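Okay, coords-v5.pdb is below, PDB, C-alpha atoms:
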```
ATOM      1  CA  MET A   1      -5.267 -19.025 -20.743
ATOM      2  CA  GLY A   2      -2.870 -16.231 -19.742
ATOM      3  CA  LYS A   3      -0.227 -16.695 -17.084
ATOM      4  CA  VAL A   4      -0.514 -14.739 -13.846
ATOM      5  CA  HIS A   5       3.017 -15.483 -12.739
ATOM      6  CA  PRO A   6       6.096 -13.816 -14.225
ATOM      7  CA  GLN A   7       8.032 -15.730 -16.887
ATOM      8  CA  ALA A   8      11.333 -14.646 -15.391
ATOM      9  CA  LEU A   9      11.730 -12.962 -12.052
ATOM     10  CA  ARG A  10      13.595  -9.696 -12.150
ATOM     11  CA  SER A  11      16.715  -9.537 -10.065
ATOM     12  CA  SER A  12      16.173  -8.140  -6.610
ATOM     13  CA  ASN A  13      16.713  -4.417  -6.731
ATOM     14  CA  THR A  14      17.837  -2.692  -3.568
ATOM     15  CA  CYS A  15      16.713   0.671  -4.959
ATOM     16  CA  ASN A  16      12.943   0.903  -4.821
ATOM     17  CA  PHE A  17      12.715   4.468  -6.100
ATOM     18  CA  THR A  18      10.886   5.252  -9.328
ATOM     19  CA  SER A  19      13.005   6.959 -11.991
ATOM     20  CA  LYS A  20       9.988   8.126 -14.000
ATOM     21  CA  GLN A  21       6.218   8.080 -13.684
ATOM     22  CA  GLU A  22       5.208   4.418 -13.513
ATOM     23  CA  THR A  23       1.865   2.645 -13.811
ATOM     24  CA  PHE A  24       0.937  -0.558 -11.970
ATOM     25  CA  THR A  25      -2.109  -2.812 -11.782
ATOM     26  CA  LEU A  26      -3.333  -3.877  -8.343
ATOM     27  CA  TRP A  27      -5.512  -6.941  -8.139
ATOM     28  CA  MET A  28      -7.029  -6.973  -4.660
ATOM     29  CA  LYS A  29      -6.886 -10.769  -4.526
ATOM     30  CA  SER A  30      -4.280 -13.175  -3.273
ATOM     31  CA  LEU A  31      -2.759 -15.753  -5.602
ATOM     32  CA  VAL A  32      -3.160 -18.226  -2.734
ATOM     33  CA  LEU A  33      -6.357 -20.278  -2.973
ATOM     34  CA  ASN A  34      -8.942 -19.083  -0.408
ATOM     35  CA  GLY A  35      -6.532 -16.443   0.878
ATOM     36  CA  LYS A  36      -6.892 -12.685   1.151
ATOM     37  CA  GLY A  37      -4.373 -10.165  -0.061
ATOM     38  CA  CYS A  38      -3.328  -8.379  -3.205
ATOM     39  CA  THR A  39      -1.018  -8.804  -6.167
ATOM     40  CA  VAL A  40       0.742  -5.925  -7.926
ATOM     41  CA  PHE A  41       1.790  -6.107 -11.585
ATOM     42  CA  ASP A  42       4.050  -3.697 -13.444
ATOM     43  CA  SER A  43       3.282  -2.365 -16.931
ATOM     44  CA  ASN A  44       4.879  -5.504 -18.461
ATOM     45  CA  GLY A  45       2.548  -7.832 -16.527
ATOM     46  CA  GLN A  46       5.270  -9.008 -14.135
ATOM     47  CA  ILE A  47       4.485  -9.494 -10.445
ATOM     48  CA  VAL A  48       6.265  -6.808  -8.418
ATOM     49  CA  TYR A  49       4.646  -7.031  -4.959
ATOM     50  CA  ARG A  50       2.208  -9.265  -3.169
ATOM     51  CA  VAL A  51       0.405  -9.679   0.129
ATOM     52  CA  ASP A  52      -0.922 -13.113   1.092
ATOM     53  CA  ASN A  53      -3.076 -13.738   4.148
ATOM     54  CA  TYR A  54      -3.774 -17.401   4.781
ATOM     55  CA  SER A  55      -6.564 -16.638   7.251
ATOM     56  CA  CYS A  56     -10.040 -15.645   6.101
ATOM     57  CA  LYS A  57     -10.579 -13.632   9.274
ATOM     58  CA  CYS A  58      -9.743  -9.993   9.813
ATOM     59  CA  ILE A  59      -6.016  -9.659  10.355
ATOM     60  CA  ASP A  60      -3.868  -7.610  12.726
ATOM     61  CA  GLU A  61      -0.650  -8.037  10.763
ATOM     62  CA  ALA A  62       0.232  -8.204   7.068
ATOM     63  CA  HIS A  63       3.485  -8.625   5.167
ATOM     64  CA  LEU A  64       4.266  -6.782   1.948
ATOM     65  CA  MET A  65       6.580  -8.994  -0.114
ATOM     66  CA  ASP A  66       8.486  -8.637  -3.343
ATOM     67  CA  GLN A  67       8.096 -11.090  -6.234
ATOM     68  CA  LYS A  68      10.465 -13.573  -4.561
ATOM     69  CA  GLY A  69       8.551 -13.601  -1.262
ATOM     70  CA  THR A  70      11.050 -11.447   0.651
ATOM     71  CA  THR A  71       9.237  -9.344   3.249
ATOM     72  CA  LEU A  72       9.724  -5.610   2.670
ATOM     73  CA  PHE A  73       7.280  -4.235   5.261
ATOM     74  CA  THR A  74       5.421  -5.723   8.198
ATOM     75  CA  ILE A  75       2.218  -3.755   8.771
ATOM     76  CA  VAL A  76       0.680  -4.047  12.241
ATOM     77  CA  ARG A  77      -2.623  -2.810  13.685
ATOM     78  CA  LYS A  78      -2.342  -0.967  16.981
ATOM     79  CA  GLN A  79      -5.535  -1.359  19.027
ATOM     80  CA  TYR A  80      -4.584   0.080  22.370
ATOM     81  CA  SER A  81      -5.284   3.707  21.513
ATOM     82  CA  LEU A  82      -7.957   5.866  19.945
ATOM     83  CA  PRO A  83      -7.933   6.501  17.118
ATOM     84  CA  ARG A  84      -6.709   3.055  16.107
ATOM     85  CA  PHE A  85      -3.832   3.157  13.677
ATOM     86  CA  TRP A  86      -1.577   0.925  11.622
ATOM     87  CA  GLU A  87       2.216   0.992  11.690
ATOM     88  CA  GLY A  88       4.632  -0.193   9.023
ATOM     89  CA  TYR A  89       8.036  -1.620   9.912
ATOM     90  CA  ARG A  90      10.617  -1.870   7.165
ATOM     91  CA  SER A  91      12.172  -5.337   7.121
ATOM     92  CA  PRO A  92      14.270  -6.757   8.581
ATOM     93  CA  ALA A  93      13.205  -4.498  11.482
ATOM     94  CA  THR A  94      10.488  -5.713  13.827
ATOM     95  CA  ARG A  95       7.946  -3.969  16.010
ATOM     96  CA  ASN A  96      10.390  -4.355  18.933
ATOM     97  CA  ASP A  97      13.102  -2.517  16.993
ATOM     98  CA  GLN A  98      14.393   0.545  18.840
ATOM     99  CA  ARG A  99      14.157   2.640  15.665
ATOM    100  CA  GLY A 100      10.380   2.421  15.618
ATOM    101  CA  PRO A 101       8.043   2.138  12.644
ATOM    102  CA  SER A 102       8.733   3.602   9.204
ATOM    103  CA  PHE A 103       5.203   4.952   9.050
ATOM    104  CA  ARG A 104       1.964   5.328  11.002
ATOM    105  CA  ILE A 105      -1.445   5.834   9.361
ATOM    106  CA  TYR A 106      -4.866   6.607  10.812
ATOM    107  CA  LYS A 107      -8.250   7.895   9.655
ATOM    108  CA  THR A 108      -9.244  11.396  10.749
ATOM    109  CA  TYR A 109     -13.044  10.763  10.966
ATOM    110  CA  ARG A 110     -13.844  14.050   9.321
ATOM    111  CA  ILE A 111     -15.589  13.857   5.972
ATOM    112  CA  SER A 112     -15.880  16.985   3.854
ATOM    113  CA  ARG A 113     -17.505  17.004   0.423
ATOM    114  CA  GLY A 114     -17.563  13.211   0.267
ATOM    115  CA  VAL A 115     -13.806  12.888   0.853
ATOM    116  CA  SER A 116     -12.268  10.891   3.722
ATOM    117  CA  THR A 117      -8.808  11.890   4.934
ATOM    118  CA  TYR A 118      -6.091   9.697   6.423
ATOM    119  CA  LYS A 119      -2.999  11.127   8.106
ATOM    120  CA  VAL A 120       0.343   9.477   7.536
ATOM    121  CA  LYS A 121       3.489  10.073   9.583
ATOM    122  CA  LEU A 122       6.698   8.957   7.900
ATOM    123  CA  GLY A 123      10.369   8.878   8.894
ATOM    124  CA  LEU A 124       9.630   7.762  12.453
ATOM    125  CA  ASP A 125      12.390   5.141  12.279
ATOM    126  CA  LYS A 126      14.958   7.827  11.380
ATOM    127  CA  ASN A 127      13.809  10.394  13.962
ATOM    128  CA  GLN A 128      12.961  12.763  11.101
ATOM    129  CA  PRO A 129       9.167  12.719  10.975
ATOM    130  CA  TYR A 130       7.275  14.269   8.104
ATOM    131  CA  ALA A 131       3.685  13.944   6.913
ATOM    132  CA  HIS A 132       1.748  12.615   3.948
ATOM    133  CA  LYS A 133      -1.995  12.529   3.411
ATOM    134  CA  ILE A 134      -4.358  10.063   1.772
ATOM    135  CA  GLU A 135      -7.676  11.332   0.444
ATOM    136  CA  SER A 136     -10.366   8.988  -0.782
ATOM    137  CA  SER A 137     -13.769   9.493  -2.282
ATOM    138  CA  THR A 138     -16.487   7.866  -0.189
ATOM    139  CA  SER A 139     -18.402   6.869  -3.328
ATOM    140  CA  LYS A 140     -15.536   5.454  -5.433
ATOM    141  CA  SER A 141     -12.679   3.011  -4.955
ATOM    142  CA  ALA A 142     -10.112   5.703  -5.734
ATOM    143  CA  PHE A 143      -7.643   7.578  -3.569
ATOM    144  CA  LYS A 144      -4.648   9.906  -3.774
ATOM    145  CA  ILE A 145      -1.480  10.099  -1.716
ATOM    146  CA  SER A 146       0.118  13.534  -1.425
ATOM    147  CA  ASP A 147       3.215  14.768   0.385
ATOM    148  CA  GLN A 148       3.518  17.390   3.135
ATOM    149  CA  PHE A 149       3.357  20.162   0.516
ATOM    150  CA  GLY A 150       0.177  18.816  -1.115
ATOM    151  CA  VAL A 151       2.041  17.513  -4.180
ATOM    152  CA  LEU A 152       0.577  14.324  -5.647
ATOM    153  CA  VAL A 153       2.801  11.296  -5.035
ATOM    154  CA  ALA A 154       0.553   8.435  -6.162
ATOM    155  CA  GLU A 155      -3.008   7.961  -7.374
ATOM    156  CA  LEU A 156      -5.158   4.848  -7.448
ATOM    157  CA  ARG A 157      -8.410   4.414  -9.356
ATOM    158  CA  ARG A 158     -10.487   1.634 -10.861
ATOM    159  CA  LYS A 159      -8.826   0.107 -13.902
ATOM    160  CA  LYS A 160     -10.616   0.468 -17.224
ATOM    161  CA  SER A 161     -10.158  -1.474 -20.421
ATOM    162  CA  SER A 162      -9.006   0.305 -23.584
ATOM    163  CA  CYS A 163     -12.679   0.742 -24.557
ATOM    164  CA  GLY A 164     -13.579   2.284 -21.174
ATOM    165  CA  VAL A 165     -15.169  -0.694 -19.384
ATOM    166  CA  ASP A 166     -14.429  -1.021 -15.637
ATOM    167  CA  PHE A 167     -12.690  -4.233 -14.588
ATOM    168  CA  GLY A 168     -14.422  -4.135 -11.198
ATOM    169  CA  ASP A 169     -13.852  -2.855  -7.668
ATOM    170  CA  ASP A 170     -10.961  -5.237  -7.044
ATOM    171  CA  VAL A 171      -8.764  -4.184 -10.006
ATOM    172  CA  LEU A 172      -7.030  -0.811  -9.667
ATOM    173  CA  THR A 173      -4.548   1.256 -11.640
ATOM    174  CA  MET A 174      -1.810   2.902  -9.575
ATOM    175  CA  VAL A 175       0.240   5.766 -11.032
ATOM    176  CA  VAL A 176       3.362   6.665  -9.042
ATOM    177  CA  GLU A 177       5.296   9.872  -9.682
ATOM    178  CA  PRO A 178       9.104   9.973 -10.253
ATOM    179  CA  ASN A 179      11.665   9.764  -7.419
ATOM    180  CA  ILE A 180       9.267   8.048  -5.004
ATOM    181  CA  ASP A 181      10.038   5.056  -2.770
ATOM    182  CA  LEU A 182       7.722   2.526  -4.390
ATOM    183  CA  SER A 183       7.859  -0.049  -1.566
ATOM    184  CA  LEU A 184       6.892   2.673   0.933
ATOM    185  CA  ILE A 185       3.931   3.728  -1.241
ATOM    186  CA  MET A 186       2.860   0.088  -1.458
ATOM    187  CA  GLY A 187       3.123  -0.168   2.344
ATOM    188  CA  LEU A 188       0.742   2.803   2.637
ATOM    189  CA  VAL A 189      -1.631   1.264   0.077
ATOM    190  CA  VAL A 190      -1.709  -2.016   2.031
ATOM    191  CA  ALA A 191      -2.343  -0.193   5.345
ATOM    192  CA  TYR A 192      -5.121   1.884   3.730
ATOM    193  CA  SER A 193      -6.712  -1.299   2.340
ATOM    194  CA  LEU A 194      -6.539  -2.986   5.750
ATOM    195  CA  ILE A 195      -8.151   0.018   7.468
ATOM    196  CA  ASN A 196     -11.011  -0.156   4.970
ATOM    197  CA  CYS A 197     -11.293  -3.988   5.088
ATOM    198  CA  HIS A 198     -10.431  -4.354   1.387
ATOM    199  CA  MET A 199      -8.003  -7.140   2.196
TER     200      MET A 199
END
```
Can you dump the structure from the file as structure tokens?
Amino acid sequence: MGKVHPQALRSSNTCNFTSKQETFTLWMKSLVLNGKGCTVFDSNGQIVYRVDNYSCKCIDEAHLMDQKGTTLFTIVRKQYSLPRFWEGYRSPATRNDQRGPSFRIYKTYRISRGVSTYKVKLGLDKNQPYAHKIESSTSKSAFKISDQFGVLVAELRRKKSSCGVDFGDDVLTMVVEPNIDLSLIMGLVVAYSLINCHM
């Protein structure tokens, strides 16, 4: 039986930016028994990120962690406004931090040609806001993240075996373009999954 845990943890890297196009596998399951969450593996099969929710109920807060369990982002649902949205706070900041969230994401409730759109505001904690967009197909478990200029930043789709067989709805391939903050992209992926109750 294959191991799901890394043989040797990589040293903690303060730089989370990709240097080249990188491919990851997302398993939309927690490694914690009876928990909800997701586990992210790099191309070598090593755990890079994880989200573990010990409650089986719908959650209002999730923590994106690295392979050592260090929280990178706290993602919180905001329910007091319409439309409802999720905010991501880069750790060690908290939702009471004066700098504000690193990102805010919400669904636009306008579907055109079978594509749902989600607006993302980034840079809120640095007082330099800019936008990203997430587009997902309503019929497939695939979505794309693009920047304010429409340039593709990351793409997720169902993982296929080398002979073309789908692994299932809960196993995804994520391709991230060069010079992208990988932990931020993972924060957006987690928020998107929470909005759509995939976690």
Practice prompt. Would you translate the PyMOL selection byres ((chain A and resi 42) around 9) into the concrete set of residues it matches in this file, as a list in words?
Written response: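 That expression, the PyMOL selection byres ((chain A and resi 42) around 9), corresponds here to Glu22, Thr23, Phe24, Thr25, Leu26, Val40, Phe41, Ser43, Asn44, Gly45, Gln46, Ile47 and Val48 of chain A.
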Discussion item. Take the PyMOL selection byres ((chain A and resi 66) around 12), run it mentally on this structure, and tell me the resulting residues as a PyMOL selection string.
Written reply: chain A and resi 9-14+16+38-41+46-52+63-65+67-73+91+182-183+186-187
Practice prompt. Convert the output of the PyMOL selection byres ((chain A and resi 145-159) around 6) on the shown file into explicit residues, formatted as a PyMOL selection string.
Written response: chain A and resi 131-134+142-144+160+166-167+171-177
Worksheet item: For Ser30 of chain A, which residue out of A:Arg84, A:His198, A:Lys78, A:Arg104 is the nearest one, using only C-alpha atoms?
Response: A:His198
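Counting from atom CA of Ala191 of chain A, the distance to atom CA of Val165 of chain A is 27.9 Å.
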Worksheet item: Mind pulling up the distance from atom CA of Phe103 of chain A to atom CA of Asp125 of chain A?
Response: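 Atom CA of Asp125 of chain A sits 7.9 Å away from atom CA of Phe103 of chain A.
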Fill in: For atom CA of Val32 of chain A and atom CA of Ile59 of chain A, the interatomic separation in Å (one decimal)
15.9 Å
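Shortest separation to Pro101 of chain A among A:Thr117, A:Gln128, A:Gln79, A:Asn53 occurs at residue A:Gln128, atoms counted being all atoms listed in the file.
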